[in-house]
Structures are given as C-alpha cells and as structure tokens.
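Reproduced below: start33.csv, with CSV, C-alpha atoms.
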chain,number,residue,atom,x,y,z
A,207,MET,CA,7.5,34.9,-13.4
A,208,LYS,CA,9.9,35.7,-16.3
A,209,LYS,CA,12.9,34.5,-14.2
A,210,ASN,CA,11.1,31.2,-13.5
A,211,ILE,CA,10.3,30.2,-17.1
A,212,PRO,CA,13.7,28.5,-17.7
A,213,ASN,CA,13.4,26.7,-14.3
A,214,ILE,CA,10.0,25.4,-15.2
A,215,ILE,CA,11.4,24.0,-18.5
A,216,THR,CA,14.2,22.4,-16.5
A,217,LEU,CA,11.6,20.8,-14.2
A,218,PHE,CA,10.0,19.3,-17.4
A,219,ASN,CA,13.3,17.6,-18.0
A,220,LEU,CA,13.3,16.2,-14.5
A,221,PHE,CA,9.6,15.1,-14.9
A,222,PHE,CA,10.1,13.3,-18.2
A,223,GLY,CA,13.4,11.7,-17.1
A,224,SER,CA,11.5,10.2,-14.1
A,225,CYS,CA,8.8,9.0,-16.5
A,226,ALA,CA,11.5,7.4,-18.7
A,227,VAL,CA,12.8,5.5,-15.7
A,228,VAL,CA,9.4,4.0,-15.0
A,229,SER,CA,8.9,3.2,-18.7
A,230,VAL,CA,12.2,1.3,-18.8
A,231,LEU,CA,11.4,-0.7,-15.7
A,232,TYR,CA,8.0,-1.8,-17.2
A,233,GLY,CA,9.7,-2.7,-20.5
A,234,HIS,CA,8.0,0.1,-22.5
A,235,PHE,CA,11.2,1.0,-24.4
A,236,PRO,CA,9.7,3.1,-27.2
A,237,THR,CA,7.8,5.1,-24.7
A,238,ALA,CA,11.0,5.6,-22.6
A,239,PHE,CA,12.7,6.8,-25.8
A,240,ILE,CA,10.0,9.5,-26.3
A,241,PHE,CA,10.3,10.6,-22.7
A,242,VAL,CA,14.1,10.9,-22.9
A,243,LEU,CA,13.8,12.8,-26.2
A,244,VAL,CA,11.4,15.3,-24.6
A,245,GLY,CA,13.8,15.6,-21.7
A,246,VAL,CA,16.7,16.3,-24.1
A,247,ILE,CA,14.7,19.0,-25.8
A,248,ALA,CA,13.8,20.6,-22.4
A,249,ASP,CA,17.5,20.4,-21.4
A,250,TYR,CA,18.7,22.3,-24.4
A,251,SER,CA,15.7,24.7,-24.4
A,252,ASP,CA,16.1,26.0,-20.8
A,253,GLY,CA,19.5,27.5,-21.5
A,254,MET,CA,18.5,29.1,-24.8
A,255,ILE,CA,15.4,30.7,-23.2
A,256,ALA,CA,17.4,31.9,-20.2
A,257,ARG,CA,19.8,33.6,-22.5
A,258,SER,CA,17.1,35.1,-24.7
A,259,LEU,CA,15.3,36.4,-21.7
A,260,ASN,CA,18.6,37.5,-20.1
A,261,VAL,CA,17.8,35.7,-16.8
A,262,HIS,CA,20.3,33.7,-14.9
A,263,SER,CA,20.1,32.3,-11.4
A,264,GLU,CA,22.1,29.9,-9.2
A,265,LEU,CA,18.8,28.0,-8.6
A,266,GLY,CA,18.5,27.3,-12.3
A,267,LYS,CA,22.1,26.0,-12.4
A,268,GLU,CA,21.5,23.6,-9.5
A,269,LEU,CA,18.1,22.5,-10.9
A,270,ASP,CA,19.7,21.8,-14.3
A,271,SER,CA,22.3,19.4,-12.8
A,272,LEU,CA,19.6,17.7,-10.7
A,273,ALA,CA,17.4,17.2,-13.7
A,274,ASP,CA,20.3,15.9,-15.8
A,275,MET,CA,21.2,13.5,-13.1
A,276,VAL,CA,17.9,11.7,-13.6
A,277,THR,CA,17.5,11.9,-17.4
A,278,PHE,CA,21.2,11.4,-18.2
A,279,GLY,CA,22.3,9.5,-15.1
A,280,VAL,CA,19.6,7.3,-13.6
A,281,VAL,CA,17.9,6.5,-17.0
A,282,PRO,CA,21.0,5.0,-18.7
A,283,GLY,CA,21.8,3.0,-15.6
A,284,THR,CA,18.3,1.6,-15.5
A,285,ILE,CA,18.5,0.7,-19.2
A,286,LEU,CA,21.7,-1.1,-18.6
A,287,TYR,CA,20.3,-2.9,-15.6
A,288,MET,CA,17.3,-4.1,-17.6
A,289,LEU,CA,19.3,-5.2,-20.6
A,290,LEU,CA,21.6,-7.2,-18.4
A,291,SER,CA,18.6,-8.7,-16.6
A,292,LYS,CA,17.1,-9.7,-19.9
A,293,SER,CA,20.3,-11.5,-20.8
A,294,GLY,CA,19.3,-14.2,-18.4
A,295,ILE,CA,22.3,-13.8,-16.0
A,296,ASN,CA,21.9,-16.0,-13.0
A,297,GLY,CA,18.6,-17.4,-14.2
A,298,LEU,CA,16.5,-15.1,-12.0
A,299,THR,CA,12.8,-14.3,-12.5
A,300,SER,CA,11.6,-10.8,-13.3
A,301,THR,CA,10.5,-10.2,-9.7
A,302,GLU,CA,13.9,-10.7,-8.2
A,303,ILE,CA,16.8,-8.3,-7.9
A,304,ASN,CA,19.5,-9.3,-10.3
A,305,TYR,CA,22.8,-8.5,-8.6
A,306,TYR,CA,24.8,-9.3,-11.7
A,307,ALA,CA,22.9,-6.5,-13.5
A,308,LEU,CA,23.5,-3.8,-10.8
A,309,PRO,CA,26.9,-2.7,-12.2
A,310,GLY,CA,24.8,-1.0,-14.9
A,311,PHE,CA,24.3,1.8,-12.3
A,312,ILE,CA,28.1,2.5,-12.3
A,313,VAL,CA,27.3,4.6,-15.3
A,314,SER,CA,24.8,6.6,-13.1
A,315,VAL,CA,27.5,7.1,-10.5
A,316,MET,CA,30.0,8.3,-13.1
A,317,ALA,CA,27.4,10.6,-14.6
A,318,GLY,CA,26.8,12.2,-11.2
A,319,LEU,CA,30.6,12.7,-10.8
A,320,ARG,CA,30.8,14.3,-14.3
A,321,LEU,CA,27.9,16.6,-13.7
A,322,ALA,CA,29.4,17.8,-10.4
A,323,ARG,CA,32.8,18.4,-12.0
A,324,PHE,CA,31.3,20.1,-15.0
A,325,ASN,CA,29.8,22.8,-12.7
A,326,LEU,CA,33.2,23.6,-11.3
A,327,ASP,CA,35.3,23.2,-14.5
A,328,THR,CA,35.9,26.5,-16.3
A,329,ARG,CA,37.7,24.9,-19.2
A,330,GLN,CA,34.5,23.6,-20.9
A,331,SER,CA,33.3,26.7,-22.6
A,332,GLU,CA,34.6,26.0,-26.1
A,333,GLU,CA,34.8,22.2,-25.9
A,334,PHE,CA,33.9,19.4,-23.5
A,335,ILE,CA,36.4,17.6,-21.3
A,336,GLY,CA,35.2,14.0,-21.2
A,337,LEU,CA,32.0,12.6,-22.8
A,338,PRO,CA,28.9,14.7,-22.0
A,339,THR,CA,26.2,12.8,-20.2
A,340,PRO,CA,23.6,13.3,-22.9
A,341,SER,CA,25.9,11.6,-25.4
A,342,CYS,CA,26.4,8.6,-23.1
A,343,THR,CA,22.7,8.4,-22.7
A,344,GLY,CA,22.2,8.6,-26.4
A,345,PHE,CA,24.5,5.6,-26.9
A,346,ILE,CA,22.7,3.5,-24.3
A,347,VAL,CA,19.2,4.5,-25.5
A,348,GLY,CA,20.3,3.3,-28.9
A,349,LEU,CA,21.2,-0.1,-27.4
A,350,MET,CA,17.7,-0.2,-25.8
A,351,LEU,CA,16.0,0.4,-29.2
A,352,ILE,CA,18.2,-2.1,-30.9
A,353,TYR,CA,17.1,-4.7,-28.3
A,354,HIS,CA,13.5,-3.8,-28.6
A,355,TYR,CA,13.3,-3.9,-32.4
A,356,ASP,CA,16.0,-6.6,-32.8
A,357,SER,CA,17.7,-4.3,-35.3
A,358,PHE,CA,19.7,-6.4,-37.8
A,359,GLY,CA,19.3,-9.4,-35.5
A,360,MET,CA,21.5,-7.8,-32.8
A,361,ARG,CA,19.1,-8.2,-29.8
A,362,GLU,CA,21.0,-11.1,-28.3
A,363,TRP,CA,24.3,-9.3,-28.9
A,364,VAL,CA,23.4,-6.0,-27.3
A,365,SER,CA,22.0,-7.7,-24.2
A,366,SER,CA,25.1,-9.9,-23.7
A,367,PRO,CA,27.1,-9.3,-20.5
A,368,TYR,CA,30.2,-9.8,-22.6
A,369,PHE,CA,29.3,-6.7,-24.5
A,370,LEU,CA,27.5,-4.7,-21.8
A,371,TYR,CA,30.2,-4.9,-19.1
A,372,PRO,CA,32.9,-3.4,-21.4
A,373,VAL,CA,30.3,-0.7,-22.4
A,374,ILE,CA,29.8,0.2,-18.8
A,375,PHE,CA,33.5,0.4,-18.1
A,376,ILE,CA,34.3,2.4,-21.3
A,377,PHE,CA,31.5,4.9,-21.1
A,378,SER,CA,32.0,5.4,-17.3
A,379,TYR,CA,35.7,6.2,-18.0
A,380,LEU,CA,34.9,8.5,-21.0
A,381,MET,CA,32.6,10.7,-18.9
A,382,VAL,CA,35.3,11.5,-16.3
A,383,SER,CA,38.3,11.3,-18.6
A,384,GLU,CA,40.4,14.3,-19.8
A,385,LEU,CA,39.7,13.6,-23.4
A,386,PRO,CA,38.6,16.8,-25.2
A,387,MET,CA,35.3,16.3,-27.1
A,388,PHE,CA,34.2,18.8,-29.7
A,389,ASN,CA,31.2,21.0,-29.0
A,390,LEU,CA,28.3,20.5,-31.4
A,391,LYS,CA,27.2,24.1,-31.4
A,392,PHE,CA,27.9,25.8,-34.7
A,393,LYS,CA,29.9,29.0,-34.9
A,394,GLY,CA,27.8,30.6,-37.5
A,395,LEU,CA,27.0,28.9,-40.9
A,396,LYS,CA,30.5,29.2,-42.5
A,397,TRP,CA,32.5,26.1,-43.3
A,398,ALA,CA,35.7,27.5,-41.7
A,399,GLY,CA,35.7,26.6,-38.0
A,400,ASN,CA,32.8,24.3,-38.4
A,401,GLU,CA,34.3,21.6,-40.6
A,402,ILE,CA,34.1,18.7,-38.1
A,403,ARG,CA,30.5,19.7,-37.1
A,404,PHE,CA,29.3,19.8,-40.7
A,405,ILE,CA,30.8,16.4,-41.5
A,406,PHE,CA,29.5,14.9,-38.3
A,407,THR,CA,26.0,16.2,-38.8
A,408,ALA,CA,25.9,14.9,-42.4
A,409,LEU,CA,27.0,11.5,-41.3
A,410,ALA,CA,24.5,11.5,-38.5
A,411,ILE,CA,21.7,12.2,-41.0
A,412,VAL,CA,22.9,9.4,-43.3
A,413,PHE,CA,23.1,7.0,-40.4
A,414,LEU,CA,19.5,7.8,-39.3
A,415,LEU,CA,18.2,7.3,-42.8
A,416,ILE,CA,20.0,4.0,-43.3
A,417,PHE,CA,20.0,2.4,-39.8
A,418,LYS,CA,17.0,4.2,-38.2
A,419,GLU,CA,16.7,3.2,-34.5
A,420,ALA,CA,20.1,1.5,-34.6
A,421,ALA,CA,21.7,4.8,-35.7
A,422,PHE,CA,21.8,6.4,-32.2
A,423,SER,CA,24.6,4.2,-30.8
A,424,LEU,CA,26.5,4.5,-34.1
A,425,ILE,CA,26.2,8.3,-34.1
A,426,ILE,CA,27.7,8.6,-30.5
A,427,PHE,CA,30.4,6.1,-31.4
A,428,THR,CA,31.3,8.3,-34.4
A,429,TYR,CA,31.3,11.3,-32.2
A,430,VAL,CA,33.8,9.7,-29.8
A,431,LEU,CA,35.9,8.6,-32.7
A,432,PHE,CA,35.9,12.0,-34.3
A,433,SER,CA,36.9,13.6,-31.0
A,434,ILE,CA,39.8,11.2,-30.5
A,435,ILE,CA,41.1,11.8,-34.1
A,436,LYS,CA,40.7,15.6,-33.6
A,437,HIS,CA,42.6,15.4,-30.3
A,438,LEU,CA,45.4,13.3,-31.8
A,439,LEU,CA,45.7,15.7,-34.8
A,440,SER,CA,45.8,18.7,-32.5
A,441,LYS,CA,48.6,17.1,-30.4
A,442,LYS,CA,50.6,16.3,-33.6
A,443,THR,CA,50.2,19.9,-34.9
A,444,ALA,CA,51.3,21.3,-31.5
A,445,THR,CA,54.5,19.2,-31.6
Take the structure in the file and give it back as structure tokens.
Amino acid sequence: MKKNIPNIITLFNLFFGSCAVVSVLYGHFPTAFIFVLVGVIADYSDGMIARSLNVHSELGKELDSLADMVTFGVVPGTILYMLLSKSGINGLTSTEINYYALPGFIVSVMAGLRLARFNLDTRQSEEFIGLPTPSCTGFIVGLMLIYHYDSFGMREWVSSPYFLYPVIFIFSYLMVSELPMFNLKFKGLKWAGNEIRFIFTALAIVFLLIFKEAAFSLIIFTYVLFSIIKHLLSKKTAT
C-alpha cells in the first residue's frame, strides 16, 4: 500500500486532467482552470511523496508521463482548439468540427514528444532542456482566462488566429528545443545560487497581484525570457 500512494496521487493528476478537457469543451473555463491547478498540485506532490516514503517504481514513472500527457498535453491543445473556434474561423457553428482550429493539437503532439524524450534524457537533472510541458500549459491556460474574463479588453486579441497560430508554432518549438531552462527548485534559502529564482518568484507575485488572471501567460513569458538571457550570459562567460 505504501508503494502505491504516489501512484494514486499520479492518477488524481490524470483524473483531473480529463475533467479539465471536458470543462474546456463545454466552455466552463474557470472550472477547467481549477481542475488543471489540482492536476499540477498532484503532479508535483507524487514525486515529493515518493521521495519522502523512499519508494520508486517503473510503473510510477510510466504513469507520471501518461498523466502529464493529458493534463499538460491534451488540455492545452483543447484550449487552443476552442479559442481558435471562438475566433469565428470559417464561420462554422459550435456543432461542427473546425478544421482550421485543429492545428491547436500540434502542441499536444509536441508535448508528447517532449515527455517521451524527457524520460530518456539524463541531462535534465539540474536544469530543463526545452520548455517543460507544465509551463507551456500555464501560458495557454492564461490565454483561456484572459479570453473568459476579457482581461484588459484582450478577448478578441487572444482568440485571433493571427496571434494563436504563432503561439502554437513558438511553444511547440520551445518544448522540443535544446534551449536550457532554469529549474524553479530552490537550492536552500540562500541568495547565492538562487538569484534568478528569487527574482523570478518576486516578479511572479507582483504580476499576480497586479494582473490577476492575466498574469499566468505573462509569468511564463518572463520565465522563457529569463532562461534565454541566462543562456546567452552563460555562453558569453564561457567564451
């Protein structure tokens, strides 16, 4: 029973990810956000509990990837499909398949590729190589909330195909790219070695207080920007 506790938590991630997909399809965006949030908590909890109980299994590793594929793969693809559909592309009704919106699931495909590569890549112990799937999902969930609440009058903008198609391409590329992305796990509470994490966390809190639901996309954009700057500075130092 002790060995199965982390696996049960992982299955909660899978369950709530599936619930999020249904919520998005029915247009219940705030509910979808809550389901994704619970899935994220379960995703981060299963590993911590497995380490604290000192239990590890190959089954748990496989379950984790399968659950992540739904919560951080199918969910963002479904959100992008719905946002593109709501842009009125091709003038279709809500009961018809919108083929112009199907490219949203390219993100799901690239998320699956990233998750498969992550399981085999031994380089990603200290930092990530490419954008983690939860970060990509965070950005797209942020767009969903901006659309729902019409944050700062950006509803029409975030559902525009001229905005969403580039988002699909950029984030699909980032997930499978070789760009190093800094790990958000703190190495103790000292400033040294955690500088970028402290700065990023402080900015994220400020963004949430000021921009509220619109902050999630901005936080992930900042995360990508910080990672690019850190990478460029590392390359400059190395030369």
Notebook entry, point to check: Separation of atom CA of Cys225 of chain A and atom CA of Lys292 of chain A, in Å?
Noted result: 20.7 Å
Checklist line | Among the residues A:Arg403, A:Thr339, A:Leu289, A:Met254, the one that comes closest to Tyr368 of chain A [using all atoms listed in the file] | finding: A:Leu289
Next item on the list: Rounded to one decimal place, report the atom CA of His437 of chain A-atom CA of Leu370 of chain A distance in Å.
Entry: 26.5 Å
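Minimum distance to Ser365 of chain A across A:Tyr353, A:Phe278, A:Phe221, A:Phe235 (counting only C-alpha atoms) occurs at A:Tyr353.
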Note to self: Given only C-alpha atoms as the basis, pick out the residue of A:Phe377, A:Phe406, A:Phe417, A:Tyr250 nearest to Phe432 of chain A.
What the structure shows: A:Phe406
Next item on the list: Identify the residues within 7 Å of coordinate (22.5, 14.5, -20.1) (same frame as the file), considering only C-alpha atoms, and give the answer as a ChimeraX atom specification.
Entry: /A:274,277-278,338-341,343
Residue subset to file, keeping C-alpha atoms, as a PDB file, in the frame of the given file:
ATOM      1  CA  ASP A 274      20.300  15.900 -15.800  1.00  0.00           C
ATOM      2  CA  THR A 277      17.500  11.900 -17.400  1.00  0.00           C
ATOM      3  CA  PHE A 278      21.200  11.400 -18.200  1.00  0.00           C
ATOM      4  CA  PRO A 338      28.900  14.700 -22.000  1.00  0.00           C
ATOM      5  CA  THR A 339      26.200  12.800 -20.200  1.00  0.00           C
ATOM      6  CA  PRO A 340      23.600  13.300 -22.900  1.00  0.00           C
ATOM      7  CA  SER A 341      25.900  11.600 -25.400  1.00  0.00           C
ATOM      8  CA  THR A 343      22.700   8.400 -22.700  1.00  0.00           C
TER       9      THR A 343
END
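Proximity ranking of A:Asn219, A:Ser314, A:Asn260, A:Asn213 relative to Ile247 of chain A places A:Asn219 first, based on all atoms listed in the file.
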Item checked: Protein, DNA and RNA residues within 12 Å of (17.2, 4.6, -37.2), all atoms listed in the file, as a PyMOL selection string -> chain A and resi 347-349+351-352+355+357-358+410-425
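With distances taken over all atoms listed in the file, A:Pro386 is the one residue among A:Pro309, A:Pro386, A:Gly359, A:Gly318 lying closest to Lys441 of chain A.
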Margin query: Using only C-alpha atoms, can you tell me which of A:Val382, A:Gly245, A:Lys208, A:Glu302 comes closest to Phe222 of chain A?
Written below: A:Gly245
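Going from atom CA of Ala238 of chain A over to atom CA of Tyr379 of chain A, you cover 25.1 Å.
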Margin query: Give me, as a PyMOL selection string, all polymer residues having an atom no more than 10 Å from Lys436 of chain A, counting only C-alpha atoms and skipping those fewer than 5 positions away in the same chain.
Written below: chain A and resi 386-388+402+430-431+441-442
Since the input lacks some atoms of segment 250-261 of chain A, please model N, CA and C atoms and print them as a CSV table (one decimal), in the frame of the given file.
chain,number,residue,atom,x,y,z
A,250,TYR,N,18.0,21.4,-23.5
A,250,TYR,CA,18.7,22.3,-24.4
A,250,TYR,C,17.9,23.6,-24.5
A,251,SER,N,16.6,23.5,-24.3
A,251,SER,CA,15.7,24.7,-24.4
A,251,SER,C,15.9,25.7,-23.2
A,252,ASP,N,16.1,25.1,-22.0
A,252,ASP,CA,16.1,26.0,-20.8
A,252,ASP,C,17.2,27.0,-20.9
A,253,GLY,N,18.4,26.6,-21.4
A,253,GLY,CA,19.5,27.5,-21.5
A,253,GLY,C,19.3,28.6,-22.5
A,254,MET,N,18.8,28.1,-23.7
A,254,MET,CA,18.5,29.1,-24.8
A,254,MET,C,17.5,30.2,-24.4
A,255,ILE,N,16.5,29.7,-23.7
A,255,ILE,CA,15.4,30.7,-23.2
A,255,ILE,C,16.0,31.6,-22.1
A,256,ALA,N,16.8,31.0,-21.2
A,256,ALA,CA,17.4,31.9,-20.2
A,256,ALA,C,18.3,33.0,-20.8
A,257,ARG,N,19.0,32.6,-21.9
A,257,ARG,CA,19.8,33.6,-22.5
A,257,ARG,C,19.0,34.6,-23.3
A,258,SER,N,17.9,34.2,-24.0
A,258,SER,CA,17.1,35.1,-24.7
A,258,SER,C,16.3,36.0,-23.8
A,259,LEU,N,16.0,35.6,-22.6
A,259,LEU,CA,15.3,36.4,-21.7
A,259,LEU,C,16.2,37.2,-20.8
A,260,ASN,N,17.5,36.9,-20.9
A,260,ASN,CA,18.6,37.5,-20.1
A,260,ASN,C,18.3,37.3,-18.6
A,261,VAL,N,18.0,36.1,-18.2
A,261,VAL,CA,17.8,35.7,-16.8
A,261,VAL,C,18.7,34.6,-16.5
